[in-house]
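Report on the following structure.
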Amino acid sequence: DAGVTQSPTHLIKTRGQQVTLRCSPKSGHDTVSWYQQALGQGPQFIFQYYEEEERQRGNFPDRFSGHQFPNYSSELNVNALLLGDSALYLCASSSDTETGDKAFFGQGTRLTVV
Amino acid sequence: DAKTTQPPSMDCAEGRAANLPCNHSTISGNEYVYWYRQIHSQGPQYIIHGLKNNETNEMASLIITEDRKSSTLILPHATLRDTAVYYCIVRPSRVKAAGNKLTFGGGTRVLVKP
């Protein structure tokens, strides 16, 4: 079991560009959540996808959007990048059939906006 | 979700028990206490969770006070690899279609010293 995998691991983009980050959940998991972690802070919830729909959303602007595919994998898209979007982006997967409803996190994608 | 309060940092001697406190005085009856940790440059890792009874697994023990307003995570024999930021999170048990986001605070930065 590969666990949660994210790609790419590192990315450098220019202000104003668009970026797509990808996540494959742990085998058997149907729910994917995305978090943004700025340097020195705890992760902040962006949104969660379940059954290919956005189920929950944090306090992030519409520039942040996502998608979940039938195989449960997910993408996070960020448009019109700002310098402040530089952060570690974490993907977490979970399943309501798993005891404890634990979230498993990937290693993250380090996004740098210049 | 109820707010949690943790000390920003603490040191621990290798081989000794590490006791990490967490206050959650506004916790409600259906909310669980979860602990995650984040080792440098990695995604958060689930440690343990509980509702009102003390819990133990291969990683740690969780002691929840009778009034549920505070808890303590115990790492019985701390090793250098336990150096990490530890997050105490309170959230409701999963309600289908309602989402199960995690709300991270600042956590406790634990440094295990030789």
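In the structure tokens, chains take letters A, B, ... by order of appearance, with residues numbered from 1 within each chain and ligands from 1 in the order shown.
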
With a cut-off of 6 Å, could you pull out the residues of chain B touching chain A and give me the nearest pair of atoms for each, distance in Å to one decimal, using only C-alpha atoms, ordered by chain and ascending number, as a tab-separated table?
```
residue	atom	partner	partner_atom	distance
B:Gln42	CA	A:Gln107	CA	5.1
B:Gly43	CA	A:Gln107	CA	4.7
B:Pro44	CA	A:Phe105	CA	6.0
B:Gly99	CA	A:Gln56	CA	5.8
B:Phe104	CA	A:Gly42	CA	5.5
B:Gly105	CA	A:Gly42	CA	5.8
B:Gly106	CA	A:Gly42	CA	5.4
```

Take the residues just selected and output them with N, CA and C atoms as a PDB file, in the first residue's frame.
```
ATOM      1  N   GLN B  42       7.604  16.570   6.719  1.00  0.00           N
ATOM      2  CA  GLN B  42       6.697  15.470   6.392  1.00  0.00           C
ATOM      3  C   GLN B  42       5.249  15.899   6.632  1.00  0.00           C
ATOM      4  N   GLY B  43       4.306  15.113   6.109  1.00  0.00           N
ATOM      5  CA  GLY B  43       2.904  15.363   6.391  1.00  0.00           C
ATOM      6  C   GLY B  43       2.564  14.927   7.812  1.00  0.00           C
ATOM      7  N   PRO B  44       1.499  15.484   8.395  1.00  0.00           N
ATOM      8  CA  PRO B  44       1.079  15.058   9.732  1.00  0.00           C
ATOM      9  C   PRO B  44       0.774  13.564   9.783  1.00  0.00           C
ATOM     10  N   GLY B  99     -18.784  16.241   6.430  1.00  0.00           N
ATOM     11  CA  GLY B  99     -17.361  16.496   6.360  1.00  0.00           C
ATOM     12  C   GLY B  99     -16.669  16.219   7.669  1.00  0.00           C
ATOM     13  N   PHE B 104      -6.272  22.612  12.761  1.00  0.00           N
ATOM     14  CA  PHE B 104      -4.987  22.600  13.447  1.00  0.00           C
ATOM     15  C   PHE B 104      -4.737  23.952  14.106  1.00  0.00           C
ATOM     16  N   GLY B 105      -4.197  23.900  15.325  1.00  0.00           N
ATOM     17  CA  GLY B 105      -3.705  25.106  15.971  1.00  0.00           C
ATOM     18  C   GLY B 105      -2.201  25.189  15.755  1.00  0.00           C
ATOM     19  N   GLY B 106      -1.535  25.815  16.691  1.00  0.00           N
ATOM     20  CA  GLY B 106      -0.084  25.968  16.565  1.00  0.00           C
ATOM     21  C   GLY B 106       0.702  24.755  17.009  1.00  0.00           C
TER      22      GLY B 106
END
```

Checklist entry - Any idea what the distance is between atom CA of Gln45 of chain B and atom CA of Glu66 of chain B? => result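 Calculated distance between atom CA of Gln45 of chain B and atom CA of Glu66 of chain B is 26.6 Å.
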
Applying 9 Å and only C-alpha atoms, which residues near Asn30 of chain B remain after dropping the ones on its own chain fewer than 4 positions away? List them as a compact mmCIF listing (two decimals) with all heavy atoms, in the first residue's frame.
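Dumped everything to part.txt:
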```txt
# COMPACT_ATOMS: atom_id res chain seq x y z
N LEU B 51 -12.63 9.56 23.15
CA LEU B 51 -13.83 10.31 23.47
C LEU B 51 -13.85 10.67 24.95
O LEU B 51 -13.90 11.84 25.31
CB LEU B 51 -15.07 9.51 23.10
CG LEU B 51 -16.41 10.20 23.31
CD1 LEU B 51 -16.52 11.45 22.45
CD2 LEU B 51 -17.57 9.24 23.03
N ARG B 91 -12.75 17.42 17.38
CA ARG B 91 -13.75 17.51 16.33
C ARG B 91 -14.84 16.47 16.54
O ARG B 91 -14.64 15.48 17.21
CB ARG B 91 -13.13 17.35 14.95
CG ARG B 91 -12.61 15.98 14.60
CD ARG B 91 -12.33 16.00 13.11
NE ARG B 91 -11.56 14.86 12.65
CZ ARG B 91 -12.08 13.73 12.23
NH1 ARG B 91 -13.37 13.57 12.23
NH2 ARG B 91 -11.30 12.77 11.79
N PRO B 92 -16.01 16.73 15.94
CA PRO B 92 -17.12 15.80 16.14
C PRO B 92 -16.86 14.47 15.47
O PRO B 92 -16.05 14.37 14.54
CB PRO B 92 -18.31 16.51 15.47
CG PRO B 92 -17.88 17.91 15.27
CD PRO B 92 -16.39 17.89 15.15
N SER B 93 -17.54 13.46 15.92
CA SER B 93 -17.52 12.20 15.21
C SER B 93 -18.13 12.43 13.84
O SER B 93 -18.97 13.30 13.66
CB SER B 93 -18.32 11.14 15.97
OG SER B 93 -19.64 11.59 16.19
```

Checklist entry - What residues in chain A get the DSSP label strand (DSSP E or B)? Please answer as an MDAnalysis selection string. => result chainID A and resid 5:7 10:13 19:24 31:37 44:50 53:57 64:68 74:78 87:94 104:105 109:113

Would you put the residues from that selection into a file with C-alpha atoms, as a PDB file, in the first residue's frame?
```
ATOM      1  CA  THR A   5       0.922  10.143  -2.838  1.00  0.00           C
ATOM      2  CA  GLN A   6       1.238  13.716  -4.040  1.00  0.00           C
ATOM      3  CA  SER A   7       2.840  15.183  -7.118  1.00  0.00           C
ATOM      4  CA  HIS A  10       8.339  20.787  -5.432  1.00  0.00           C
ATOM      5  CA  LEU A  11       7.154  23.482  -7.801  1.00  0.00           C
ATOM      6  CA  ILE A  12       8.181  27.018  -8.638  1.00  0.00           C
ATOM      7  CA  LYS A  13       5.665  29.306 -10.339  1.00  0.00           C
ATOM      8  CA  VAL A  19      -0.960  25.613 -10.851  1.00  0.00           C
ATOM      9  CA  THR A  20      -2.410  22.108 -10.522  1.00  0.00           C
ATOM     10  CA  LEU A  21      -1.418  19.755  -7.725  1.00  0.00           C
ATOM     11  CA  ARG A  22      -2.336  16.087  -7.665  1.00  0.00           C
ATOM     12  CA  CYS A  23      -3.156  13.561  -4.983  1.00  0.00           C
ATOM     13  CA  SER A  24      -3.810   9.824  -4.962  1.00  0.00           C
ATOM     14  CA  THR A  31     -12.528  11.170   0.863  1.00  0.00           C
ATOM     15  CA  VAL A  32      -9.782  13.635   0.004  1.00  0.00           C
ATOM     16  CA  SER A  33      -8.992  16.859   1.848  1.00  0.00           C
ATOM     17  CA  TRP A  34      -6.524  19.595   0.977  1.00  0.00           C
ATOM     18  CA  TYR A  35      -4.606  21.763   3.436  1.00  0.00           C
ATOM     19  CA  GLN A  36      -2.268  24.727   3.072  1.00  0.00           C
ATOM     20  CA  GLN A  37       0.620  25.066   5.501  1.00  0.00           C
ATOM     21  CA  GLN A  44      -5.162  25.210   7.262  1.00  0.00           C
ATOM     22  CA  PHE A  45      -8.128  23.366   5.731  1.00  0.00           C
ATOM     23  CA  ILE A  46      -8.905  24.334   2.132  1.00  0.00           C
ATOM     24  CA  PHE A  47     -11.660  21.909   1.114  1.00  0.00           C
ATOM     25  CA  GLN A  48     -12.771  18.297   1.112  1.00  0.00           C
ATOM     26  CA  TYR A  49     -14.072  16.114  -1.677  1.00  0.00           C
ATOM     27  CA  TYR A  50     -16.346  13.104  -1.349  1.00  0.00           C
ATOM     28  CA  GLU A  53     -18.283  16.753  -4.939  1.00  0.00           C
ATOM     29  CA  GLU A  54     -16.916  19.468  -2.699  1.00  0.00           C
ATOM     30  CA  ARG A  55     -18.430  18.689   0.673  1.00  0.00           C
ATOM     31  CA  GLN A  56     -16.720  21.137   2.980  1.00  0.00           C
ATOM     32  CA  ARG A  57     -14.755  24.308   2.361  1.00  0.00           C
ATOM     33  CA  PHE A  64      -8.658  27.737  -5.068  1.00  0.00           C
ATOM     34  CA  SER A  65     -10.670  25.014  -6.742  1.00  0.00           C
ATOM     35  CA  GLY A  66     -10.551  21.273  -6.898  1.00  0.00           C
ATOM     36  CA  HIS A  67     -11.792  18.138  -8.451  1.00  0.00           C
ATOM     37  CA  GLN A  68     -12.200  14.510  -7.497  1.00  0.00           C
ATOM     38  CA  SER A  74      -7.998  14.596  -6.631  1.00  0.00           C
ATOM     39  CA  GLU A  75      -6.545  17.806  -8.003  1.00  0.00           C
ATOM     40  CA  LEU A  76      -6.101  21.200  -6.402  1.00  0.00           C
ATOM     41  CA  ASN A  77      -6.027  24.162  -8.764  1.00  0.00           C
ATOM     42  CA  VAL A  78      -4.911  27.629  -7.835  1.00  0.00           C
ATOM     43  CA  ALA A  87       3.316  27.118   1.098  1.00  0.00           C
ATOM     44  CA  LEU A  88       3.339  23.380   1.627  1.00  0.00           C
ATOM     45  CA  TYR A  89       0.129  21.891   0.225  1.00  0.00           C
ATOM     46  CA  LEU A  90      -0.954  18.722   1.944  1.00  0.00           C
ATOM     47  CA  CYS A  91      -3.447  16.148   0.811  1.00  0.00           C
ATOM     48  CA  ALA A  92      -5.164  13.840   3.292  1.00  0.00           C
ATOM     49  CA  SER A  93      -7.400  10.859   2.637  1.00  0.00           C
ATOM     50  CA  SER A  94      -9.884   9.095   4.882  1.00  0.00           C
ATOM     51  CA  PHE A 104      -3.639   9.904   6.349  1.00  0.00           C
ATOM     52  CA  PHE A 105      -1.469  12.655   4.909  1.00  0.00           C
ATOM     53  CA  THR A 109       3.868  19.671  -2.481  1.00  0.00           C
ATOM     54  CA  ARG A 110       6.123  22.629  -1.749  1.00  0.00           C
ATOM     55  CA  LEU A 111       4.908  25.525  -3.910  1.00  0.00           C
ATOM     56  CA  THR A 112       7.072  28.610  -4.295  1.00  0.00           C
ATOM     57  CA  VAL A 113       5.622  31.644  -6.056  1.00  0.00           C
TER      58      VAL A 113
END
```

Item to check | Computed interatomic separation between atom CA of Ile64 of chain B and atom CA of Val33 of chain B (Å) | outcome: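 Spanning atom CA of Ile64 of chain B to atom CA of Val33 of chain B is a straight-line distance of 8.5 Å.
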
Item to check | Length of the atom CA of Arg68 of chain B to atom CA of Arg109 of chain B vector [Å] | outcome: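 A separation of 23.3 Å between them.
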
Item to check | Contact residues around segment 71-76 of chain B with only C-alpha atoms at 7 Å, ignoring same-chain residues under 2 positions, as a count of residues only | outcome: 15
